[in-house]
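K.L.:
My structure is in work-v5.csv, and what it holds is CSV, C-alpha atoms (C1' of nucleotides):
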```
chain,number,residue,atom,x,y,z
A,130,MET,CA,39.1,135.9,101.3
A,131,LEU,CA,35.6,136.0,102.7
A,132,GLU,CA,35.7,139.7,103.2
A,133,PHE,CA,37.1,140.2,99.7
A,134,TYR,CA,34.3,138.2,98.2
A,135,ASP,CA,31.6,140.1,100.2
A,136,ARG,CA,33.0,143.4,99.1
A,137,HIS,CA,34.0,142.8,95.5
A,138,ALA,CA,32.3,139.7,94.1
A,139,ARG,CA,30.4,140.2,90.8
A,140,ASP,CA,26.7,140.0,91.0
A,141,LEU,CA,26.1,136.9,88.8
A,142,PRO,CA,22.6,135.4,88.5
A,143,TRP,CA,23.7,131.8,89.2
A,144,ARG,CA,24.9,132.9,92.6
A,145,GLY,CA,22.8,133.6,95.6
A,146,PRO,CA,19.7,132.0,97.1
A,147,SER,CA,17.4,132.3,94.1
A,148,ALA,CA,19.6,130.1,91.9
A,149,THR,CA,18.5,126.5,91.6
A,150,PRO,CA,20.9,123.5,91.5
A,151,TRP,CA,19.9,123.1,87.9
A,152,GLY,CA,20.8,126.7,87.2
A,153,VAL,CA,24.1,126.3,88.9
A,154,LEU,CA,24.9,123.1,86.9
A,155,VAL,CA,24.0,124.8,83.6
A,156,SER,CA,26.2,127.8,84.5
A,157,GLU,CA,29.2,125.6,85.4
A,158,VAL,CA,28.9,123.7,82.1
A,159,MET,CA,28.6,126.9,80.1
A,160,LEU,CA,31.5,128.4,81.9
A,161,GLN,CA,33.9,125.6,80.9
A,162,GLN,CA,36.5,127.4,78.8
A,163,THR,CA,34.0,130.3,78.1
A,164,PRO,CA,34.1,133.8,79.6
A,165,VAL,CA,31.4,135.0,82.0
A,166,ASN,CA,30.2,137.9,79.8
A,167,ARG,CA,29.5,135.6,76.9
A,168,VAL,CA,27.6,133.0,79.1
A,169,LEU,CA,25.3,135.5,80.8
A,170,PRO,CA,22.7,136.1,78.1
A,171,VAL,CA,22.6,132.4,77.0
A,172,TRP,CA,22.3,131.2,80.5
A,173,THR,CA,19.3,133.5,81.1
A,174,GLN,CA,17.5,132.4,78.0
A,175,TRP,CA,18.3,128.8,78.7
A,176,LEU,CA,16.9,128.8,82.2
A,177,ASP,CA,13.8,130.8,81.1
A,178,ARG,CA,13.1,128.2,78.4
A,179,TRP,CA,14.1,125.1,80.4
A,180,PRO,CA,13.7,126.0,84.1
A,181,ARG,CA,13.9,122.3,85.2
A,182,PRO,CA,16.0,119.4,83.8
A,183,ALA,CA,12.8,117.6,82.7
A,184,ASP,CA,12.0,120.6,80.5
A,185,LEU,CA,15.2,120.2,78.6
A,186,ALA,CA,15.0,116.4,78.5
A,187,ALA,CA,11.6,116.7,76.8
A,188,GLU,CA,13.2,118.6,73.9
A,189,SER,CA,15.4,117.2,71.1
A,190,ALA,CA,19.2,117.5,71.5
A,191,GLY,CA,19.2,119.6,68.4
A,192,GLU,CA,17.2,122.3,70.2
A,193,ALA,CA,19.9,122.4,72.9
A,194,ILE,CA,22.6,122.7,70.3
A,195,ARG,CA,20.8,125.5,68.6
A,196,ALA,CA,20.1,127.4,71.9
A,197,TRP,CA,23.8,126.9,72.7
A,198,GLY,CA,24.5,129.5,70.0
A,199,ARG,CA,28.1,130.6,69.7
A,200,LEU,CA,29.4,129.6,73.1
A,201,GLY,CA,31.8,127.1,71.5
A,202,TYR,CA,32.5,123.5,72.2
A,203,PRO,CA,28.9,122.5,71.2
A,204,ARG,CA,29.4,119.0,72.5
A,205,ARG,CA,28.8,120.6,75.9
A,206,ALA,CA,25.2,121.3,74.8
A,207,LEU,CA,24.8,117.7,73.7
A,208,ARG,CA,26.1,116.4,77.0
A,209,LEU,CA,24.0,118.9,79.0
A,210,HIS,CA,21.0,117.5,77.2
A,211,GLY,CA,22.2,114.1,78.1
A,212,ALA,CA,22.7,115.1,81.8
A,213,ALA,CA,19.1,116.5,81.9
A,214,THR,CA,17.8,113.2,80.5
A,215,ALA,CA,19.7,111.2,83.1
A,216,ILE,CA,18.7,113.5,85.9
A,217,THR,CA,15.1,113.0,84.8
A,218,ALA,CA,15.3,109.3,84.3
A,219,VAL,CA,17.6,108.3,87.2
A,220,HIS,CA,17.1,111.0,89.8
A,221,GLY,CA,13.4,111.8,89.5
A,222,GLY,CA,14.2,115.2,88.0
A,223,ALA,CA,16.3,116.5,90.9
A,224,VAL,CA,19.9,117.3,90.4
A,225,PRO,CA,21.9,114.9,92.5
A,226,ALA,CA,23.9,116.4,95.4
A,227,THR,CA,26.9,114.2,95.8
A,228,VAL,CA,30.2,114.3,93.8
A,229,GLU,CA,30.0,110.6,93.1
A,230,GLU,CA,26.5,110.9,91.5
A,231,LEU,CA,27.3,114.1,89.6
A,232,LEU,CA,30.4,112.5,88.1
A,233,GLN,CA,28.2,109.9,86.5
A,234,LEU,CA,26.5,112.6,84.4
A,235,PRO,CA,27.8,113.3,80.9
A,236,GLY,CA,29.9,116.5,80.6
A,237,ILE,CA,30.4,116.6,84.4
A,238,GLY,CA,34.0,116.0,85.4
A,239,GLU,CA,36.1,116.5,88.5
A,240,TYR,CA,35.8,120.2,88.5
A,241,THR,CA,32.1,120.6,87.7
A,242,ALA,CA,31.0,117.9,90.0
A,243,ARG,CA,32.6,119.6,93.0
A,244,ALA,CA,31.5,123.0,91.9
A,245,VAL,CA,27.9,121.9,91.8
A,246,ALA,CA,28.1,120.0,95.1
A,247,ALA,CA,29.7,123.0,96.8
A,248,PHE,CA,27.8,126.0,95.2
A,249,ALA,CA,24.4,124.4,94.8
A,250,PHE,CA,24.3,122.1,97.9
A,251,GLY,CA,26.9,123.6,100.3
A,252,ALA,CA,29.1,120.5,100.3
A,253,ARG,CA,32.5,120.9,101.9
A,254,VAL,CA,34.6,119.7,99.0
A,255,PRO,CA,37.7,121.3,97.3
A,256,VAL,CA,36.9,123.1,94.1
A,257,VAL,CA,39.9,123.5,91.8
A,258,ASP,CA,39.6,125.3,88.5
A,259,THR,CA,42.1,127.2,86.4
A,260,ASN,CA,41.8,130.3,88.7
A,261,VAL,CA,42.4,128.3,91.8
A,262,ARG,CA,45.4,126.6,90.2
A,263,ARG,CA,46.9,129.9,89.3
A,264,VAL,CA,46.4,131.3,92.8
A,265,LEU,CA,47.8,128.2,94.5
A,266,SER,CA,50.9,128.4,92.2
A,267,ARG,CA,51.6,132.0,92.9
A,268,VAL,CA,50.5,132.5,96.5
A,269,VAL,CA,51.6,129.2,98.0
A,270,ARG,CA,54.4,127.9,95.7
A,271,GLY,CA,55.7,131.3,94.7
A,272,VAL,CA,55.9,130.6,91.0
A,273,ASP,CA,53.8,131.5,88.0
A,274,GLU,CA,53.5,128.0,86.7
A,275,PRO,CA,50.2,126.4,87.5
A,276,ARG,CA,50.0,122.7,86.7
A,277,ALA,CA,48.5,122.0,83.2
A,278,SER,CA,45.4,120.5,84.7
A,279,ALA,CA,43.8,120.1,88.1
A,280,THR,CA,45.2,117.1,90.0
A,281,ALA,CA,44.2,115.2,93.1
A,282,ALA,CA,47.3,116.9,94.7
A,283,ASP,CA,45.7,120.3,94.0
A,284,ARG,CA,42.4,119.2,95.6
A,285,LEU,CA,44.3,117.8,98.6
A,286,GLU,CA,46.2,121.1,98.9
A,287,MET,CA,43.0,123.2,98.8
A,288,SER,CA,41.3,120.9,101.4
A,289,ALA,CA,43.8,122.1,103.9
A,290,TYR,CA,42.6,125.7,103.6
A,291,LEU,CA,38.8,125.0,103.6
A,292,PRO,CA,36.9,126.4,106.6
A,293,GLU,CA,35.3,123.8,108.8
A,294,ASP,CA,31.7,125.0,108.2
A,295,PRO,CA,30.6,123.5,104.9
A,296,ALA,CA,28.6,126.6,103.7
A,297,THR,CA,31.6,128.8,104.6
A,298,ALA,CA,33.9,126.4,102.8
A,299,ALA,CA,31.9,126.7,99.6
A,300,ARG,CA,32.0,130.5,99.9
A,301,PHE,CA,35.7,130.4,100.4
A,302,SER,CA,36.1,128.3,97.3
A,303,VAL,CA,34.2,130.7,95.1
A,304,ALA,CA,36.1,133.6,96.7
A,305,VAL,CA,39.4,132.1,95.6
A,306,MET,CA,38.0,131.6,92.1
A,307,GLU,CA,36.8,135.2,92.2
A,308,LEU,CA,40.3,136.4,93.3
A,309,GLY,CA,41.7,134.6,90.3
A,310,ALA,CA,39.2,136.2,88.0
A,311,LEU,CA,39.4,139.8,89.3
A,312,ARG,CA,42.9,140.2,90.9
A,313,CYS,CA,45.2,137.3,90.4
A,314,THR,CA,44.6,137.2,86.6
A,315,ALA,CA,46.8,135.3,84.1
A,316,VAL,CA,47.6,138.6,82.3
A,317,ARG,CA,48.5,141.8,84.1
A,318,PRO,CA,47.5,140.7,87.7
A,319,ASP,CA,46.2,143.5,89.9
A,320,CYS,CA,48.5,142.8,92.9
A,321,GLU,CA,48.1,146.3,94.3
A,322,ARG,CA,44.5,145.5,95.2
A,323,CYS,CA,45.0,141.9,96.1
A,324,PRO,CA,44.0,141.0,99.7
A,325,LEU,CA,46.7,138.3,99.7
A,326,LEU,CA,49.5,140.8,98.8
A,327,GLY,CA,51.1,140.6,102.2
A,328,ARG,CA,51.2,136.8,102.3
A,329,CYS,CA,52.0,136.0,98.7
A,330,ARG,CA,55.2,134.0,98.0
A,331,TRP,CA,55.1,135.1,94.4
A,332,GLN,CA,55.0,138.7,95.4
A,333,ARG,CA,58.0,138.3,97.8
A,334,ALA,CA,59.9,136.5,95.0
A,335,GLY,CA,59.5,139.5,92.7
A,336,SER,CA,56.4,138.5,90.7
A,337,VAL,CA,58.5,136.8,88.0
A,338,ALA,CA,56.3,136.1,85.0
A,339,GLY,CA,56.1,132.4,84.2
A,340,VAL,CA,57.7,130.9,81.1
A,341,ALA,CA,55.6,130.9,78.0
A,342,LYS,CA,53.0,128.2,78.0
A,343,ARG,CA,53.2,125.4,75.5
A,344,PRO,CA,52.1,126.5,72.0
A,345,VAL,CA,48.4,126.2,71.4
A,346,GLN,CA,47.2,124.6,68.2
A,347,THR,CA,47.0,127.0,65.3
A,348,TRP,CA,43.5,127.8,64.4
A,349,HIS,CA,43.3,128.6,60.7
A,350,GLY,CA,42.7,125.6,58.6
A,351,THR,CA,42.0,123.2,61.5
A,352,ASP,CA,39.2,120.7,61.7
A,353,ARG,CA,37.8,122.6,64.6
A,354,GLN,CA,37.3,125.6,62.4
A,355,VAL,CA,35.7,123.6,59.6
A,356,ARG,CA,33.5,121.8,62.1
A,357,GLY,CA,32.5,125.1,63.5
A,358,ARG,CA,31.4,126.4,60.1
A,359,ILE,CA,29.4,123.2,59.4
A,360,LEU,CA,27.6,123.4,62.7
A,361,ALA,CA,27.0,127.2,62.3
A,362,GLN,CA,25.2,126.5,59.0
A,363,LEU,CA,23.0,123.8,60.6
A,364,ARG,CA,22.2,126.1,63.5
A,365,ALA,CA,21.2,128.9,61.2
A,366,ALA,CA,19.0,126.6,59.0
A,367,SER,CA,15.5,125.9,60.2
A,368,GLY,CA,15.6,122.5,58.5
A,369,PRO,CA,17.9,120.0,56.8
A,370,VAL,CA,20.9,121.2,54.7
A,371,THR,CA,22.3,119.6,51.7
A,372,GLU,CA,25.7,117.9,51.8
A,373,LEU,CA,26.8,120.1,48.9
A,374,ASP,CA,26.3,123.2,51.0
A,375,LEU,CA,28.0,121.8,54.1
A,376,LEU,CA,31.1,120.7,52.2
A,377,ALA,CA,31.7,124.3,51.2
A,378,ALA,CA,32.9,124.8,54.8
A,379,GLY,CA,36.5,124.0,53.7
A,380,PRO,CA,38.6,121.8,51.4
A,381,PRO,CA,36.5,118.8,50.1
A,382,ASP,CA,38.5,116.1,51.9
A,383,GLN,CA,38.6,118.0,55.2
A,384,SER,CA,35.0,118.9,55.0
A,385,ARG,CA,34.0,115.3,54.5
A,386,ARG,CA,36.2,114.2,57.4
A,387,CYS,CA,34.6,116.9,59.6
A,388,LEU,CA,31.1,116.0,58.6
A,389,SER,CA,31.8,112.4,59.4
A,390,SER,CA,33.2,113.2,62.8
A,391,LEU,CA,30.2,115.4,63.6
A,392,LEU,CA,28.0,112.5,62.8
A,393,ALA,CA,30.1,110.2,64.9
A,394,ASP,CA,29.9,112.7,67.8
A,395,GLY,CA,26.1,112.8,67.5
A,396,LEU,CA,26.1,116.6,66.8
A,397,VAL,CA,24.7,116.0,63.3
A,398,GLU,CA,22.2,113.5,61.9
A,399,SER,CA,21.5,112.5,58.3
A,400,ASP,CA,17.9,113.0,57.5
A,401,GLN,CA,18.1,111.1,54.2
A,402,PRO,CA,21.0,110.6,51.8
A,403,GLY,CA,22.6,113.9,51.0
A,404,TRP,CA,20.7,115.8,53.7
A,405,TYR,CA,21.8,116.7,57.2
A,406,ARG,CA,20.3,118.3,60.3
A,407,LEU,CA,20.8,118.9,64.0
A,408,PRO,CA,19.8,115.7,66.0
A,409,GLY,CA,16.1,115.3,66.5
A,410,ALA,CA,15.2,118.4,64.5
A,411,PRO,CA,11.9,118.3,62.6
A,412,ALA,CA,12.1,116.3,59.4
A,413,ARG,CA,12.1,118.2,56.1
A,414,PRO,CA,8.5,118.7,54.9
B,92,DC,C1',49.5,111.6,79.4
B,93,DA,C1',48.6,113.5,74.7
B,94,DC,C1',45.4,115.2,72.0
B,95,DC,C1',41.1,116.9,70.5
B,96,DC,C1',37.1,119.8,70.9
B,97,DG,C1',34.7,126.4,69.4
B,98,DT,C1',34.5,131.1,69.9
B,99,DG,C1',35.6,135.9,70.1
B,100,DG,C1',37.7,139.7,72.8
B,101,DA,C1',42.1,141.7,74.3
B,102,DT,C1',46.9,142.7,73.6
C,222,DT,C1',48.2,140.1,62.3
C,223,DA,C1',49.4,136.5,65.6
C,224,DT,C1',49.0,134.9,70.0
C,225,DC,C1',46.9,134.3,74.4
C,226,DC,C1',43.2,133.4,77.1
C,227,DA,C1',38.4,132.2,79.3
C,228,DA,C1',34.7,128.4,86.0
C,229,DG,C1',37.2,121.5,81.4
C,230,DG,C1',35.8,116.9,79.7
C,231,DG,C1',36.3,112.7,77.0
C,232,DT,C1',39.0,109.4,74.6
```
What is this file in structure tokens?
P.N.:
Amino acid sequence: MLEFYDRHARDLPWRGPSATPWGVLVSEVMLQQTPVNRVLPVWTQWLDRWPRPADLAAESAGEAIRAWGRLGYPRRALRLHGAATAITAVHGGAVPATVEELLQLPGIGEYTARAVAAFAFGARVPVVDTNVRRVLSRVVRGVDEPRASATAADRLEMSAYLPEDPATAARFSVAVMELGALRCTAVRPDCERCPLLGRCRWQRAGSVAGVAKRPVQTWHGTDRQVRGRILAQLRAASGPVTELDLLAAGPPDQSRRCLSSLLADGLVESDQPGWYRLPGAPARP
DNA sequence: CACCCGTGGAT
DNA sequence: TATCCAAGGGT
């Protein structure tokens, strides 16, 4: 795995010695459910504008949401701003190094806490994401049916494979993730060029494709779509937007419901009755 | 555990 | 065109 990583890993800016813990943390949050190629330009601009947590904490949350662009799941931007604020207030501006402390930050869960601890600080902790789950399922269990979400059992299983040296263990973890991203992919895996081909239980079992996953929520007409339209309007506007404009995002009842939920989530604020803006944005002249 | 939360490219 | 999928987290 280490040789595979040395020879085939992608050259990503948040990897390597020049990346700061803050840069690693930002990358991990952006990469939650979002492809690498879409994250790359936003990550670069983000770190250029806010090179330290305190730089982001000094801005309004609305600026973070606007800079988030079209990465999706904009609550991540709000939470990343919250994490920067907590890092500044509680940790003196330095990203904490332990899983326990990282888990206290908003938007940092079981996966991201370990990813930051391992990749930014060289901690010897198991890092289990969707790629690792898929590799474990196929190579170790011999079936194409990864568990729906990472469990403590998955982390315990990965712990058994971690090299003793912490820095090497971290490199092993990112190597498994890279294998899942480049070879052991969900669709059309490239088994012919997989370094684990000779020891893969799934391969020996005939590479039987897993059963269809549970149906995903339909997209057209959902609240997520309408919320996305409302937020897109607010991102594009330099100042407040009228309720009338925002409610054009969908059917009246649904639009009102979505606007309310966005307010409840803290992604939108009401400037004055009938006017809305991203949180903390400059008031309407 | 079930459900919700965006976006856009690939097939 | 419809479906799947991409380094999950919070409630």
K.L.:
Taking only C-alpha atoms (C1' of nucleotides) into account, which residues of chain A are within 9 Å of chain C, as a list in words?
P.N.:
Ser156, Glu157, Val158, Met159, Leu160, Gln161, Gln162, Thr163, Pro164, Val165, Arg205, Pro235, Gly236, Ile237, Gly238, Glu239, Tyr240, Thr241, Ala244, Asp258, Thr259, Asn260, Ser278, Met306, Ala315, Val316 and Val345 of chain A
K.L.:
Record the distance separating CA of Ala310 in chain A and CA of His349 in chain A, expressed in Å with one decimal.
P.N.:
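These atoms are spaced 28.6 Å apart.
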K.L.:
Separation of C1' of DA93 in chain B and CA of Arg267 in chain A, in Å?
P.N.:
26.1 Å
K.L.:
Measure the distance from CA of Val171 in chain A to CA of Leu200 in chain A in Å and round it to one decimal.
P.N.:
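CA of Val171 in chain A sits 8.3 Å away from CA of Leu200 in chain A.
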K.L.:
Please list as a PyMOL selection string every residue within 6 Å of Gly251 in chain A, counting all atoms listed in the file and excluding residues in the same chain fewer than 3 positions away.
P.N.:
chain A and resi 247-248+295-296+299
K.L.:
Could you write out that same residue set with C-alpha atoms as a PDB file, in the frame of the given file?
P.N.:
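Resulting contents of result.pdb:
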```pdb
ATOM      1  CA  ALA A 247      29.700 123.000  96.800  1.00  0.00           C
ATOM      2  CA  PHE A 248      27.800 126.000  95.200  1.00  0.00           C
ATOM      3  CA  PRO A 295      30.600 123.500 104.900  1.00  0.00           C
ATOM      4  CA  ALA A 296      28.600 126.600 103.700  1.00  0.00           C
ATOM      5  CA  ALA A 299      31.900 126.700  99.600  1.00  0.00           C
TER       6      ALA A 299
END
```
K.L.:
Name all residues at most 10 Å from range 382-397 of chain A (count only C-alpha atoms (C1' of nucleotides); drop same-chain ones fewer than 6 positions away) and give them as a PDB file with C-alpha atoms, in the frame of the given file.
P.N.:
```
ATOM      1  CA  ALA A 190      19.200 117.500  71.500  1.00  0.00           C
ATOM      2  CA  GLY A 191      19.200 119.600  68.400  1.00  0.00           C
ATOM      3  CA  ILE A 194      22.600 122.700  70.300  1.00  0.00           C
ATOM      4  CA  PRO A 203      28.900 122.500  71.200  1.00  0.00           C
ATOM      5  CA  ARG A 204      29.400 119.000  72.500  1.00  0.00           C
ATOM      6  CA  ALA A 206      25.200 121.300  74.800  1.00  0.00           C
ATOM      7  CA  LEU A 207      24.800 117.700  73.700  1.00  0.00           C
ATOM      8  CA  GLY A 350      42.700 125.600  58.600  1.00  0.00           C
ATOM      9  CA  THR A 351      42.000 123.200  61.500  1.00  0.00           C
ATOM     10  CA  ASP A 352      39.200 120.700  61.700  1.00  0.00           C
ATOM     11  CA  ARG A 353      37.800 122.600  64.600  1.00  0.00           C
ATOM     12  CA  GLN A 354      37.300 125.600  62.400  1.00  0.00           C
ATOM     13  CA  VAL A 355      35.700 123.600  59.600  1.00  0.00           C
ATOM     14  CA  ARG A 356      33.500 121.800  62.100  1.00  0.00           C
ATOM     15  CA  GLY A 357      32.500 125.100  63.500  1.00  0.00           C
ATOM     16  CA  ARG A 358      31.400 126.400  60.100  1.00  0.00           C
ATOM     17  CA  ILE A 359      29.400 123.200  59.400  1.00  0.00           C
ATOM     18  CA  LEU A 360      27.600 123.400  62.700  1.00  0.00           C
ATOM     19  CA  LEU A 363      23.000 123.800  60.600  1.00  0.00           C
ATOM     20  CA  GLU A 372      25.700 117.900  51.800  1.00  0.00           C
ATOM     21  CA  LEU A 375      28.000 121.800  54.100  1.00  0.00           C
ATOM     22  CA  LEU A 376      31.100 120.700  52.200  1.00  0.00           C
ATOM     23  CA  TYR A 405      21.800 116.700  57.200  1.00  0.00           C
ATOM     24  CA  ARG A 406      20.300 118.300  60.300  1.00  0.00           C
ATOM     25  CA  LEU A 407      20.800 118.900  64.000  1.00  0.00           C
ATOM     26  CA  PRO A 408      19.800 115.700  66.000  1.00  0.00           C
ATOM     27  CA  GLY A 409      16.100 115.300  66.500  1.00  0.00           C
ATOM     28  CA  ALA A 410      15.200 118.400  64.500  1.00  0.00           C
TER      29      ALA A 410
END
```
K.L.:
Smallest atom-to-atom distance to DG97 in chain B: which of A:Leu285, A:Trp197, A:Ser189, A:Ala378, using all atoms listed in the file?
P.N.:
A:Trp197
K.L.:
Taking only C-alpha atoms (C1' of nucleotides) into account, produce a table as CSV in which each residue of chain B with an atom at most 9 Å from an atom of chain A appears once, together with its shortest atom pair and the distance in Å to one decimal, ordered by chain and rising number.
P.N.:
```
residue,atom,partner,partner_atom,distance
B:DC95,C1',A:Arg353,CA,8.8
B:DC96,C1',A:Tyr202,CA,6.0
B:DG97,C1',A:Gly201,CA,3.6
B:DT98,C1',A:Gly201,CA,5.1
```
K.L.:
At a cut-off of 8 Å around the point (23.2, 117.0, 89.9) (file coordinates), what residues fall inside when counting only C-alpha atoms (C1' of nucleotides)? I'd like the answer as a PyMOL selection string.
P.N.:
chain A and resi 150-151+154+216+223-227+230-231+234+242+245-246
K.L.:
Convert the current residue selection to file output with C-alpha atoms, as an mmCIF file, in the coordinates of the input.
P.N.:
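What ended up in out_11.cif:
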```cif
data_model
loop_
_atom_site.group_PDB
_atom_site.id
_atom_site.type_symbol
_atom_site.label_atom_id
_atom_site.label_comp_id
_atom_site.auth_asym_id
_atom_site.auth_seq_id
_atom_site.Cartn_x
_atom_site.Cartn_y
_atom_site.Cartn_z
ATOM 1 C CA PRO A 150 20.900 123.500 91.500
ATOM 2 C CA TRP A 151 19.900 123.100 87.900
ATOM 3 C CA LEU A 154 24.900 123.100 86.900
ATOM 4 C CA ILE A 216 18.700 113.500 85.900
ATOM 5 C CA ALA A 223 16.300 116.500 90.900
ATOM 6 C CA VAL A 224 19.900 117.300 90.400
ATOM 7 C CA PRO A 225 21.900 114.900 92.500
ATOM 8 C CA ALA A 226 23.900 116.400 95.400
ATOM 9 C CA THR A 227 26.900 114.200 95.800
ATOM 10 C CA GLU A 230 26.500 110.900 91.500
ATOM 11 C CA LEU A 231 27.300 114.100 89.600
ATOM 12 C CA LEU A 234 26.500 112.600 84.400
ATOM 13 C CA ALA A 242 31.000 117.900 90.000
ATOM 14 C CA VAL A 245 27.900 121.900 91.800
ATOM 15 C CA ALA A 246 28.100 120.000 95.100
#
```
